[in-house]
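Source file: upload_25.cif. Holds: mmCIF, C-alpha atoms.
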```
data_my_file
#
loop_
_atom_site.group_PDB
_atom_site.id
_atom_site.type_symbol
_atom_site.label_atom_id
_atom_site.label_comp_id
_atom_site.auth_asym_id
_atom_site.auth_seq_id
_atom_site.Cartn_x
_atom_site.Cartn_y
_atom_site.Cartn_z
ATOM 1 C CA MET A 1 185.105 13.875 109.615
ATOM 2 C CA ALA A 2 181.380 13.220 109.608
ATOM 3 C CA GLN A 3 178.909 16.040 110.072
ATOM 4 C CA VAL A 4 177.557 16.401 113.582
ATOM 5 C CA LYS A 5 173.776 16.080 113.437
ATOM 6 C CA PRO A 6 171.899 18.827 115.296
ATOM 7 C CA LYS A 7 169.158 18.195 117.821
ATOM 8 C CA LYS A 8 166.064 20.182 116.989
ATOM 9 C CA ALA A 9 165.265 20.479 120.679
ATOM 10 C CA LEU A 10 168.138 22.914 121.064
ATOM 11 C CA GLY A 11 166.057 25.590 119.316
ATOM 12 C CA GLN A 12 168.865 27.293 117.389
ATOM 13 C CA HIS A 13 169.667 28.073 113.756
ATOM 14 C CA PHE A 14 171.993 25.281 112.624
ATOM 15 C CA LEU A 15 174.477 25.718 109.805
ATOM 16 C CA THR A 16 173.866 22.924 107.298
ATOM 17 C CA ASP A 17 176.420 23.822 104.607
ATOM 18 C CA MET A 18 179.686 22.216 105.680
ATOM 19 C CA SER A 19 181.676 24.149 103.063
ATOM 20 C CA VAL A 20 180.762 27.365 104.898
ATOM 21 C CA ALA A 21 181.847 25.884 108.230
ATOM 22 C CA ARG A 22 185.138 24.804 106.688
ATOM 23 C CA ARG A 23 185.725 28.305 105.277
ATOM 24 C CA ILE A 24 185.103 29.860 108.696
ATOM 25 C CA ALA A 25 187.547 27.439 110.320
ATOM 26 C CA SER A 26 190.147 28.307 107.674
ATOM 27 C CA THR A 27 190.172 31.950 108.811
ATOM 28 C CA LEU A 28 192.567 30.827 111.570
ATOM 29 C CA ASP A 29 194.932 28.875 109.306
ATOM 30 C CA ALA A 30 197.802 31.241 110.122
ATOM 31 C CA TYR A 31 197.485 30.623 113.872
ATOM 32 C CA LYS A 32 197.738 26.858 114.303
ATOM 33 C CA GLY A 33 200.373 27.199 116.999
ATOM 34 C CA LEU A 34 198.055 29.144 119.314
ATOM 35 C CA PRO A 35 195.172 27.950 121.496
ATOM 36 C CA VAL A 36 191.729 28.567 119.999
ATOM 37 C CA LEU A 37 188.680 29.454 122.071
ATOM 38 C CA GLU A 38 185.415 28.726 120.272
ATOM 39 C CA ILE A 39 182.365 30.535 121.605
ATOM 40 C CA GLY A 40 178.961 28.864 121.327
ATOM 41 C CA PRO A 41 179.871 25.654 119.474
ATOM 42 C CA GLY A 42 176.320 24.288 119.605
ATOM 43 C CA THR A 43 176.577 20.803 118.122
ATOM 44 C CA GLY A 44 180.162 21.187 116.932
ATOM 45 C CA VAL A 45 179.682 21.962 113.242
ATOM 46 C CA LEU A 46 182.555 24.454 113.254
ATOM 47 C CA THR A 47 184.492 22.603 115.970
ATOM 48 C CA GLN A 48 184.962 19.490 113.836
ATOM 49 C CA PHE A 49 186.839 21.448 111.171
ATOM 50 C CA LEU A 50 188.985 23.287 113.703
ATOM 51 C CA LEU A 51 190.028 19.938 115.129
ATOM 52 C CA GLN A 52 190.562 18.512 111.663
ATOM 53 C CA GLU A 53 192.940 21.383 110.899
ATOM 54 C CA GLY A 54 194.982 20.582 114.016
ATOM 55 C CA HIS A 55 193.964 23.500 116.232
ATOM 56 C CA ASP A 56 194.221 23.269 120.018
ATOM 57 C CA VAL A 57 190.524 23.937 120.679
ATOM 58 C CA THR A 58 188.590 24.726 123.837
ATOM 59 C CA VAL A 59 184.868 25.416 123.506
ATOM 60 C CA VAL A 60 182.669 27.515 125.774
ATOM 61 C CA GLU A 61 178.947 26.787 125.639
ATOM 62 C CA ILE A 62 176.231 28.211 127.879
ATOM 63 C CA ASP A 63 173.515 25.736 126.844
ATOM 64 C CA SER A 64 173.587 22.562 128.952
ATOM 65 C CA GLU A 65 171.906 20.456 126.244
ATOM 66 C CA SER A 66 174.595 21.450 123.755
ATOM 67 C CA VAL A 67 177.296 20.632 126.294
ATOM 68 C CA ALA A 68 175.809 17.160 126.858
ATOM 69 C CA TYR A 69 175.504 16.631 123.107
ATOM 70 C CA LEU A 70 179.166 17.532 122.524
ATOM 71 C CA ARG A 71 180.342 15.233 125.314
ATOM 72 C CA ASP A 72 178.334 12.350 123.884
ATOM 73 C CA ASN A 73 179.009 12.915 120.199
ATOM 74 C CA MET A 74 182.421 14.510 119.784
ATOM 75 C CA PRO A 75 185.068 12.128 121.165
ATOM 76 C CA ALA A 76 187.834 14.008 119.350
ATOM 77 C CA LEU A 77 187.264 16.909 121.755
ATOM 78 C CA ALA A 78 188.489 16.075 125.250
ATOM 79 C CA ARG A 79 185.846 16.513 127.948
ATOM 80 C CA GLU A 80 187.993 19.010 129.836
ATOM 81 C CA ARG A 81 188.018 21.161 126.691
ATOM 82 C CA ILE A 82 184.230 21.480 126.796
ATOM 83 C CA VAL A 83 183.511 24.296 129.235
ATOM 84 C CA GLU A 84 179.949 25.023 130.294
ATOM 85 C CA GLY A 85 179.667 28.726 130.985
ATOM 86 C CA ASP A 86 179.042 32.258 129.757
ATOM 87 C CA PHE A 87 181.920 33.783 127.796
ATOM 88 C CA LEU A 88 180.785 37.268 128.812
ATOM 89 C CA ARG A 89 181.259 36.471 132.510
ATOM 90 C CA MET A 90 183.894 33.768 132.699
ATOM 91 C CA ASP A 91 187.428 34.273 133.982
ATOM 92 C CA ILE A 92 189.549 34.009 130.833
ATOM 93 C CA ASP A 93 192.774 34.154 132.839
ATOM 94 C CA THR A 94 191.824 30.912 134.576
ATOM 95 C CA LEU A 95 191.084 29.224 131.266
ATOM 96 C CA TYR A 96 194.252 30.577 129.621
ATOM 97 C CA PRO A 97 196.758 31.589 132.330
ATOM 98 C CA PRO A 98 198.799 34.564 131.066
ATOM 99 C CA SER A 99 202.042 32.989 132.292
ATOM 100 C CA THR A 100 201.680 29.831 130.190
ATOM 101 C CA MET A 101 199.245 30.849 127.435
ATOM 102 C CA PRO A 102 199.769 34.585 126.922
ATOM 103 C CA GLN A 103 198.109 34.657 123.489
ATOM 104 C CA PHE A 104 195.121 32.903 121.969
ATOM 105 C CA CYS A 105 192.542 33.188 119.196
ATOM 106 C CA VAL A 106 188.758 33.465 119.384
ATOM 107 C CA ILE A 107 186.282 32.074 116.868
ATOM 108 C CA GLY A 108 182.601 31.248 116.701
ATOM 109 C CA ASN A 109 179.273 31.286 114.979
ATOM 110 C CA TYR A 110 178.258 34.036 117.357
ATOM 111 C CA PRO A 111 174.723 34.393 118.759
ATOM 112 C CA TYR A 112 173.189 37.394 117.013
ATOM 113 C CA ASN A 113 171.716 38.860 120.187
ATOM 114 C CA ILE A 114 175.040 39.167 122.051
ATOM 115 C CA SER A 115 177.601 39.470 119.252
ATOM 116 C CA SER A 116 178.404 43.115 120.018
ATOM 117 C CA GLN A 117 178.955 42.264 123.691
ATOM 118 C CA ILE A 118 181.310 39.467 122.657
ATOM 119 C CA PHE A 119 183.474 41.887 120.697
ATOM 120 C CA PHE A 120 183.557 44.385 123.550
ATOM 121 C CA ARG A 121 184.770 41.487 125.711
ATOM 122 C CA VAL A 122 187.465 40.671 123.149
ATOM 123 C CA LEU A 123 188.615 44.291 123.426
ATOM 124 C CA ASP A 124 189.153 43.745 127.148
ATOM 125 C CA TYR A 125 191.723 41.092 126.161
ATOM 126 C CA LYS A 126 193.184 42.895 123.158
ATOM 127 C CA ASP A 127 196.742 42.338 124.371
ATOM 128 C CA ARG A 128 196.147 38.578 124.376
ATOM 129 C CA VAL A 129 193.658 37.900 121.563
ATOM 130 C CA VAL A 130 195.791 38.048 118.418
ATOM 131 C CA CYS A 131 193.013 37.007 116.034
ATOM 132 C CA CYS A 132 189.235 36.876 116.340
ATOM 133 C CA SER A 133 187.046 35.620 113.533
ATOM 134 C CA GLY A 134 183.623 34.179 112.972
ATOM 135 C CA MET A 135 180.085 34.613 111.735
ATOM 136 C CA LEU A 136 177.468 37.058 112.941
ATOM 137 C CA GLN A 137 174.543 39.025 111.577
ATOM 138 C CA ARG A 138 175.625 40.695 108.333
ATOM 139 C CA GLU A 139 174.683 44.226 109.405
ATOM 140 C CA VAL A 140 176.796 43.902 112.550
ATOM 141 C CA ALA A 141 179.682 42.368 110.618
ATOM 142 C CA GLU A 142 179.586 45.251 108.145
ATOM 143 C CA ARG A 143 179.566 47.695 111.044
ATOM 144 C CA LEU A 144 182.759 46.231 112.512
ATOM 145 C CA ALA A 145 184.612 46.732 109.226
ATOM 146 C CA ALA A 146 182.973 50.034 108.228
ATOM 147 C CA ALA A 147 185.351 52.717 106.946
ATOM 148 C CA PRO A 148 185.201 56.421 107.883
ATOM 149 C CA GLY A 149 182.458 58.253 106.052
ATOM 150 C CA THR A 150 180.068 55.305 105.806
ATOM 151 C CA LYS A 151 176.683 55.068 107.483
ATOM 152 C CA ALA A 152 177.490 51.687 109.012
ATOM 153 C CA ARG A 153 180.372 53.117 111.040
ATOM 154 C CA GLY A 154 179.745 53.105 114.771
ATOM 155 C CA ILE A 155 181.270 52.707 118.218
ATOM 156 C CA LEU A 156 182.622 49.197 117.658
ATOM 157 C CA SER A 157 184.012 50.174 114.237
ATOM 158 C CA VAL A 158 186.307 52.737 115.827
ATOM 159 C CA LEU A 159 187.176 50.888 119.041
ATOM 160 C CA LEU A 160 188.044 47.649 117.235
ATOM 161 C CA GLN A 161 189.900 49.308 114.368
ATOM 162 C CA ALA A 162 192.079 51.141 116.884
ATOM 163 C CA TRP A 163 193.632 47.801 117.860
ATOM 164 C CA TYR A 164 192.776 45.393 115.028
ATOM 165 C CA ASP A 165 192.801 45.180 111.251
ATOM 166 C CA VAL A 166 189.185 44.269 110.515
ATOM 167 C CA GLU A 167 188.232 42.379 107.352
ATOM 168 C CA TYR A 168 184.741 41.570 106.109
ATOM 169 C CA LEU A 169 185.424 38.229 104.409
ATOM 170 C CA PHE A 170 182.179 36.930 102.922
ATOM 171 C CA THR A 171 178.390 36.850 103.184
ATOM 172 C CA VAL A 172 176.444 33.735 104.187
ATOM 173 C CA SER A 173 172.923 33.145 102.863
ATOM 174 C CA GLU A 174 170.103 32.486 105.291
ATOM 175 C CA LYS A 175 169.279 29.412 103.163
ATOM 176 C CA VAL A 176 172.178 27.383 104.582
ATOM 177 C CA PHE A 177 170.639 27.269 108.065
ATOM 178 C CA ASN A 178 167.959 25.056 109.560
ATOM 179 C CA PRO A 179 165.654 26.735 110.342
ATOM 180 C CA PRO A 180 166.645 29.734 108.188
ATOM 181 C CA PRO A 181 167.032 33.040 110.085
ATOM 182 C CA LYS A 182 165.352 36.169 108.751
ATOM 183 C CA VAL A 183 168.668 37.867 107.948
ATOM 184 C CA LYS A 184 171.899 37.101 106.139
ATOM 185 C CA SER A 185 175.145 36.527 108.008
ATOM 186 C CA GLY A 186 178.646 37.848 107.482
ATOM 187 C CA VAL A 187 182.068 36.453 108.352
ATOM 188 C CA VAL A 188 184.745 38.797 109.694
ATOM 189 C CA ARG A 189 188.336 38.480 110.869
ATOM 190 C CA LEU A 190 190.099 40.765 113.326
ATOM 191 C CA THR A 191 193.891 40.599 113.303
ATOM 192 C CA ARG A 192 195.812 42.416 116.014
ATOM 193 C CA ASN A 193 197.705 45.370 114.550
ATOM 194 C CA GLY A 194 201.004 46.726 115.820
ATOM 195 C CA VAL A 195 199.503 49.425 118.049
ATOM 196 C CA THR A 196 200.576 49.202 121.677
ATOM 197 C CA ASP A 197 199.894 52.837 122.598
ATOM 198 C CA LEU A 198 197.102 54.880 121.036
ATOM 199 C CA GLY A 199 198.869 58.126 121.801
ATOM 200 C CA CYS A 200 196.062 59.279 124.079
ATOM 201 C CA ASP A 201 194.271 58.270 127.268
ATOM 202 C CA PRO A 202 192.526 55.014 126.208
ATOM 203 C CA VAL A 203 189.730 55.415 128.765
ATOM 204 C CA LEU A 204 188.942 58.952 127.594
ATOM 205 C CA PHE A 205 189.246 57.765 123.979
ATOM 206 C CA ARG A 206 186.486 55.227 124.567
ATOM 207 C CA THR A 207 184.381 57.859 126.337
ATOM 208 C CA VAL A 208 184.775 60.308 123.444
ATOM 209 C CA VAL A 209 183.849 57.642 120.900
ATOM 210 C CA LYS A 210 180.800 56.442 122.844
ATOM 211 C CA THR A 211 179.612 59.967 123.644
ATOM 212 C CA THR A 212 179.816 61.244 120.087
ATOM 213 C CA PHE A 213 178.177 58.205 118.526
ATOM 214 C CA GLY A 214 175.481 58.419 121.183
ATOM 215 C CA MET A 215 174.508 61.692 119.480
ATOM 216 C CA ARG A 216 175.577 60.765 115.979
ATOM 217 C CA ARG A 217 173.174 63.172 114.256
ATOM 218 C CA LYS A 218 174.934 66.088 115.896
ATOM 219 C CA THR A 219 178.271 67.557 114.933
ATOM 220 C CA LEU A 220 181.114 66.875 117.336
ATOM 221 C CA ARG A 221 181.057 70.502 118.422
ATOM 222 C CA ASN A 222 177.678 69.862 120.022
ATOM 223 C CA SER A 223 178.068 66.265 121.189
ATOM 224 C CA LEU A 224 181.334 66.959 123.038
ATOM 225 C CA ARG A 225 180.024 69.806 125.178
ATOM 226 C CA GLY A 226 179.152 67.509 128.057
ATOM 227 C CA LEU A 227 182.770 66.296 128.273
ATOM 228 C CA LEU A 228 184.260 69.787 128.532
ATOM 229 C CA PRO A 229 184.535 71.977 131.639
ATOM 230 C CA PRO A 230 181.890 74.727 131.891
ATOM 231 C CA GLY A 231 182.753 77.740 129.768
ATOM 232 C CA LYS A 232 185.457 75.938 127.776
ATOM 233 C CA ALA A 233 185.378 75.026 124.097
ATOM 234 C CA LEU A 234 187.690 73.474 121.541
ATOM 235 C CA THR A 235 189.264 76.272 119.535
ATOM 236 C CA GLY A 236 191.779 76.651 116.734
ATOM 237 C CA ALA A 237 191.637 75.762 113.067
ATOM 238 C CA GLU A 238 192.357 72.056 113.567
ATOM 239 C CA ALA A 239 189.776 71.674 116.339
ATOM 240 C CA GLU A 240 187.156 73.609 114.407
ATOM 241 C CA ALA A 241 187.675 71.445 111.328
ATOM 242 C CA LEU A 242 187.286 68.241 113.355
ATOM 243 C CA THR A 243 184.309 69.358 115.430
ATOM 244 C CA ALA A 244 182.386 70.422 112.333
ATOM 245 C CA LEU A 245 182.170 66.735 111.409
ATOM 246 C CA ARG A 246 179.925 63.932 112.620
ATOM 247 C CA PRO A 247 181.477 60.921 114.375
ATOM 248 C CA GLU A 248 181.125 58.459 111.482
ATOM 249 C CA GLN A 249 183.338 60.717 109.358
ATOM 250 C CA LEU A 250 186.397 60.428 111.617
ATOM 251 C CA SER A 251 189.271 57.977 111.362
ATOM 252 C CA VAL A 252 190.779 56.349 114.430
ATOM 253 C CA GLN A 253 193.674 58.788 114.327
ATOM 254 C CA GLN A 254 191.300 61.757 114.204
ATOM 255 C CA PHE A 255 189.530 60.402 117.280
ATOM 256 C CA VAL A 256 192.935 60.192 118.967
ATOM 257 C CA GLN A 257 193.569 63.861 118.085
ATOM 258 C CA LEU A 258 190.147 64.817 119.379
ATOM 259 C CA THR A 259 190.696 62.901 122.617
ATOM 260 C CA ASN A 260 193.962 64.754 123.246
ATOM 261 C CA MET A 261 192.235 68.104 122.622
ATOM 262 C CA VAL A 262 189.513 67.204 125.126
ATOM 263 C CA ALA A 263 192.108 65.999 127.636
ATOM 264 C CA GLU A 264 194.019 69.273 127.426
ATOM 265 C CA LEU A 265 190.912 71.277 128.303
ATOM 266 C CA ARG A 266 190.037 68.939 131.167
ATOM 267 C CA GLN A 267 193.403 69.355 132.912
#
```

Would you mind giving the structure from this file in C-alpha cells?
Amino acid sequence: MAQVKPKKALGQHFLTDMSVARRIASTLDAYKGLPVLEIGPGTGVLTQFLLQEGHDVTVVEIDSESVAYLRDNMPALARERIVEGDFLRMDIDTLYPPSTMPQFCVIGNYPYNISSQIFFRVLDYKDRVVCCSGMLQREVAERLAAAPGTKARGILSVLLQAWYDVEYLFTVSEKVFNPPPKVKSGVVRLTRNGVTDLGCDPVLFRTVVKTTFGMRRKTLRNSLRGLLPPGKALTGAEAEALTALRPEQLSVQQFVQLTNMVAELRQ
C-alpha cells in the first residue's frame, strides 16, 4: 500500500519511516479477530498497515483537517469508520456496544501532551481493552513499564501493571519524523493479565497509589498519614517494613497489602 503523504498545514510531527509504522502495527498481530480502535491517526500512516494486516479498524481523530484528509485519501477505510471526536470524552460503549463487541484493542501514535490521560482512560475500560499498544514520548513509555525500585516508576506504572503486562518494545529516533521532535519516542504494549480482583478495594488502591506518589520523596509512613483516622497509625512488623519505603520501591502486590492495612484502620 502506498504511503499516505502528510499535509504540512496539519502542524504535527509526521512519521516518515514506514518500517517503524509497520512494526507498531505488528504489535497487534495476535489480536486480528478483535476490533481495533486507533487514536489520532493523523494522515493514516499507521492505519494503512493495520488495514493491510486485516484488522477491523475504527479511527478517532479530533482534528477536522485530518478527518477530511483521511476521507479523501484513504478509500480502504470506510467513512463510517472515521470518527471525528475526542477519545478522552467520547462514549466508547456507543462505538463498541458491550453486548456485541465486548472486547477490543487500542493503538496509536499518541499525542505526547495527552498520552498519560489516554492510558488513564484505557484503565477505565480495562475489562474490555485486552491489548493497548503504540508510540509515545520515550520517558513516558519507560515510566509505564518501570519496575519497582527504579526512578521512572510512578502512578501509571503501578495502576497499569495491576491489570496489564507492560512491555517496552523499542525506541524510535526523532530523526524519522518530519519535523523532528525534540525527544525520542518509545513503543509499548499492554496485554491484559489474568487479574479480575486485586484483593483490595480498587478505589482505595488508586487513592493510596496517587497519594503516596504525590509525596514520593517521603516514606510511606509520612505520606499515608492523611488517609488514616486521627490518632491511628499502621503498626506491626509487616506494616513498619512497608511504610519505611518510598512508593517507587513497592510492587503492585505490596500496594495491595498496604491498601488493605489502610482499609482496616478506616473501618

Chain and number of each residue from the PyMOL selection byres ((chain A and resi 82) around 8), as a list in words: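 In the shown coordinates, the PyMOL selection byres ((chain A and resi 82) around 8) covers Thr58, Val59, Val60, Glu61, Val67, Leu70, Arg71, Leu77, Ala78, Arg79, Glu80, Arg81, Val83 and Glu84 of chain A.
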
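Here the PyMOL selection byres ((chain A and resi 148) around 8) captures the residues Ala146, Ala147, Gly149, Thr150, Arg153, Glu248, Gln249, Leu250 and Ser251 of chain A.
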
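Using only C-alpha atoms, the smallest distance between any of A:Thr27, A:Phe104, A:Asn113, A:Thr235 and Tyr168 (chain A) comes from A:Thr27.
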
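Remark: for Arg143 (chain A), the closest of the candidate residues A:Phe177, A:Leu245, A:Val187, A:Lys126 is A:Val187 (distances computed over only C-alpha atoms).
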
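Between Ile39 (chain A) and the candidates A:Leu95, A:Met18, A:Cys131, A:Ile118, the tightest atom-to-atom separation, counting all atoms listed in the file, involves A:Ile118.
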
Residues matched by the PyMOL selection byres ((chain A and resi 170) around 12), written as a PyMOL selection string: chain A and resi 20+23-24+27+133-138+141-142+145+167-169+171-173+184-189

For CA of Gly154 (chain A) and CA of Lys182 (chain A), the interatomic separation in Å (one decimal):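 Separation of CA of Gly154 (chain A) and CA of Lys182 (chain A): 23.0 Å.
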
Two-atom distance - CA of Thr100 (chain A), CA of Val57 (chain A) (Å): 15.8 Å

Quick one: region 38-57 of chain A with N, CA, C and O atoms, as a CSV table (one decimal), in the coordinates of the input?
```
chain,number,residue,atom,x,y,z
A,38,GLU,N,186.6,28.6,121.1
A,38,GLU,CA,185.4,28.7,120.3
A,38,GLU,C,184.2,29.1,121.2
A,38,GLU,O,184.0,28.4,122.2
A,39,ILE,N,183.5,30.1,120.8
A,39,ILE,CA,182.4,30.5,121.6
A,39,ILE,C,181.1,30.0,121.0
A,39,ILE,O,180.8,30.2,119.8
A,40,GLY,N,180.2,29.4,121.8
A,40,GLY,CA,179.0,28.9,121.3
A,40,GLY,C,179.0,27.8,120.3
A,40,GLY,O,178.5,28.0,119.2
A,41,PRO,N,179.7,26.7,120.5
A,41,PRO,CA,179.9,25.7,119.5
A,41,PRO,C,178.6,24.9,119.1
A,41,PRO,O,178.5,24.3,118.0
A,42,GLY,N,177.6,25.0,119.9
A,42,GLY,CA,176.3,24.3,119.6
A,42,GLY,C,176.6,22.8,119.5
A,42,GLY,O,177.0,22.1,120.5
A,43,THR,N,176.4,22.2,118.3
A,43,THR,CA,176.6,20.8,118.1
A,43,THR,C,177.9,20.5,117.5
A,43,THR,O,178.1,19.4,117.0
A,44,GLY,N,178.8,21.5,117.4
A,44,GLY,CA,180.2,21.2,116.9
A,44,GLY,C,180.4,21.2,115.4
A,44,GLY,O,181.4,20.7,115.0
A,45,VAL,N,179.5,21.9,114.7
A,45,VAL,CA,179.7,22.0,113.2
A,45,VAL,C,181.0,22.6,112.9
A,45,VAL,O,181.7,22.2,112.0
A,46,LEU,N,181.3,23.8,113.5
A,46,LEU,CA,182.6,24.5,113.3
A,46,LEU,C,183.7,23.7,114.0
A,46,LEU,O,184.8,23.6,113.4
A,47,THR,N,183.5,23.3,115.2
A,47,THR,CA,184.5,22.6,116.0
A,47,THR,C,185.2,21.5,115.2
A,47,THR,O,186.4,21.3,115.3
A,48,GLN,N,184.4,20.7,114.5
A,48,GLN,CA,185.0,19.5,113.8
A,48,GLN,C,186.0,19.9,112.8
A,48,GLN,O,187.0,19.2,112.7
A,49,PHE,N,185.8,21.0,112.2
A,49,PHE,CA,186.8,21.4,111.2
A,49,PHE,C,188.1,22.1,111.8
A,49,PHE,O,189.2,22.0,111.3
A,50,LEU,N,187.8,22.8,113.0
A,50,LEU,CA,189.0,23.3,113.7
A,50,LEU,C,189.9,22.1,114.2
A,50,LEU,O,191.1,22.2,114.1
A,51,LEU,N,189.3,21.1,114.7
A,51,LEU,CA,190.0,19.9,115.1
A,51,LEU,C,190.7,19.3,113.9
A,51,LEU,O,191.9,18.8,114.0
A,52,GLN,N,190.0,19.2,112.9
A,52,GLN,CA,190.6,18.5,111.7
A,52,GLN,C,191.8,19.2,111.2
A,52,GLN,O,192.7,18.6,110.7
A,53,GLU,N,191.8,20.6,111.3
A,53,GLU,CA,192.9,21.4,110.9
A,53,GLU,C,194.1,21.4,111.9
A,53,GLU,O,195.1,22.1,111.7
A,54,GLY,N,193.9,20.7,113.0
A,54,GLY,CA,195.0,20.6,114.0
A,54,GLY,C,195.0,21.7,115.1
A,54,GLY,O,196.1,21.8,115.8
A,55,HIS,N,194.0,22.4,115.2
A,55,HIS,CA,194.0,23.5,116.2
A,55,HIS,C,193.8,22.9,117.6
A,55,HIS,O,193.1,21.9,117.8
A,56,ASP,N,194.4,23.6,118.6
A,56,ASP,CA,194.2,23.3,120.0
A,56,ASP,C,193.0,24.0,120.5
A,56,ASP,O,193.0,25.2,120.9
A,57,VAL,N,191.8,23.3,120.5
A,57,VAL,CA,190.5,23.9,120.7
A,57,VAL,C,190.0,23.7,122.1
A,57,VAL,O,190.0,22.6,122.6
```
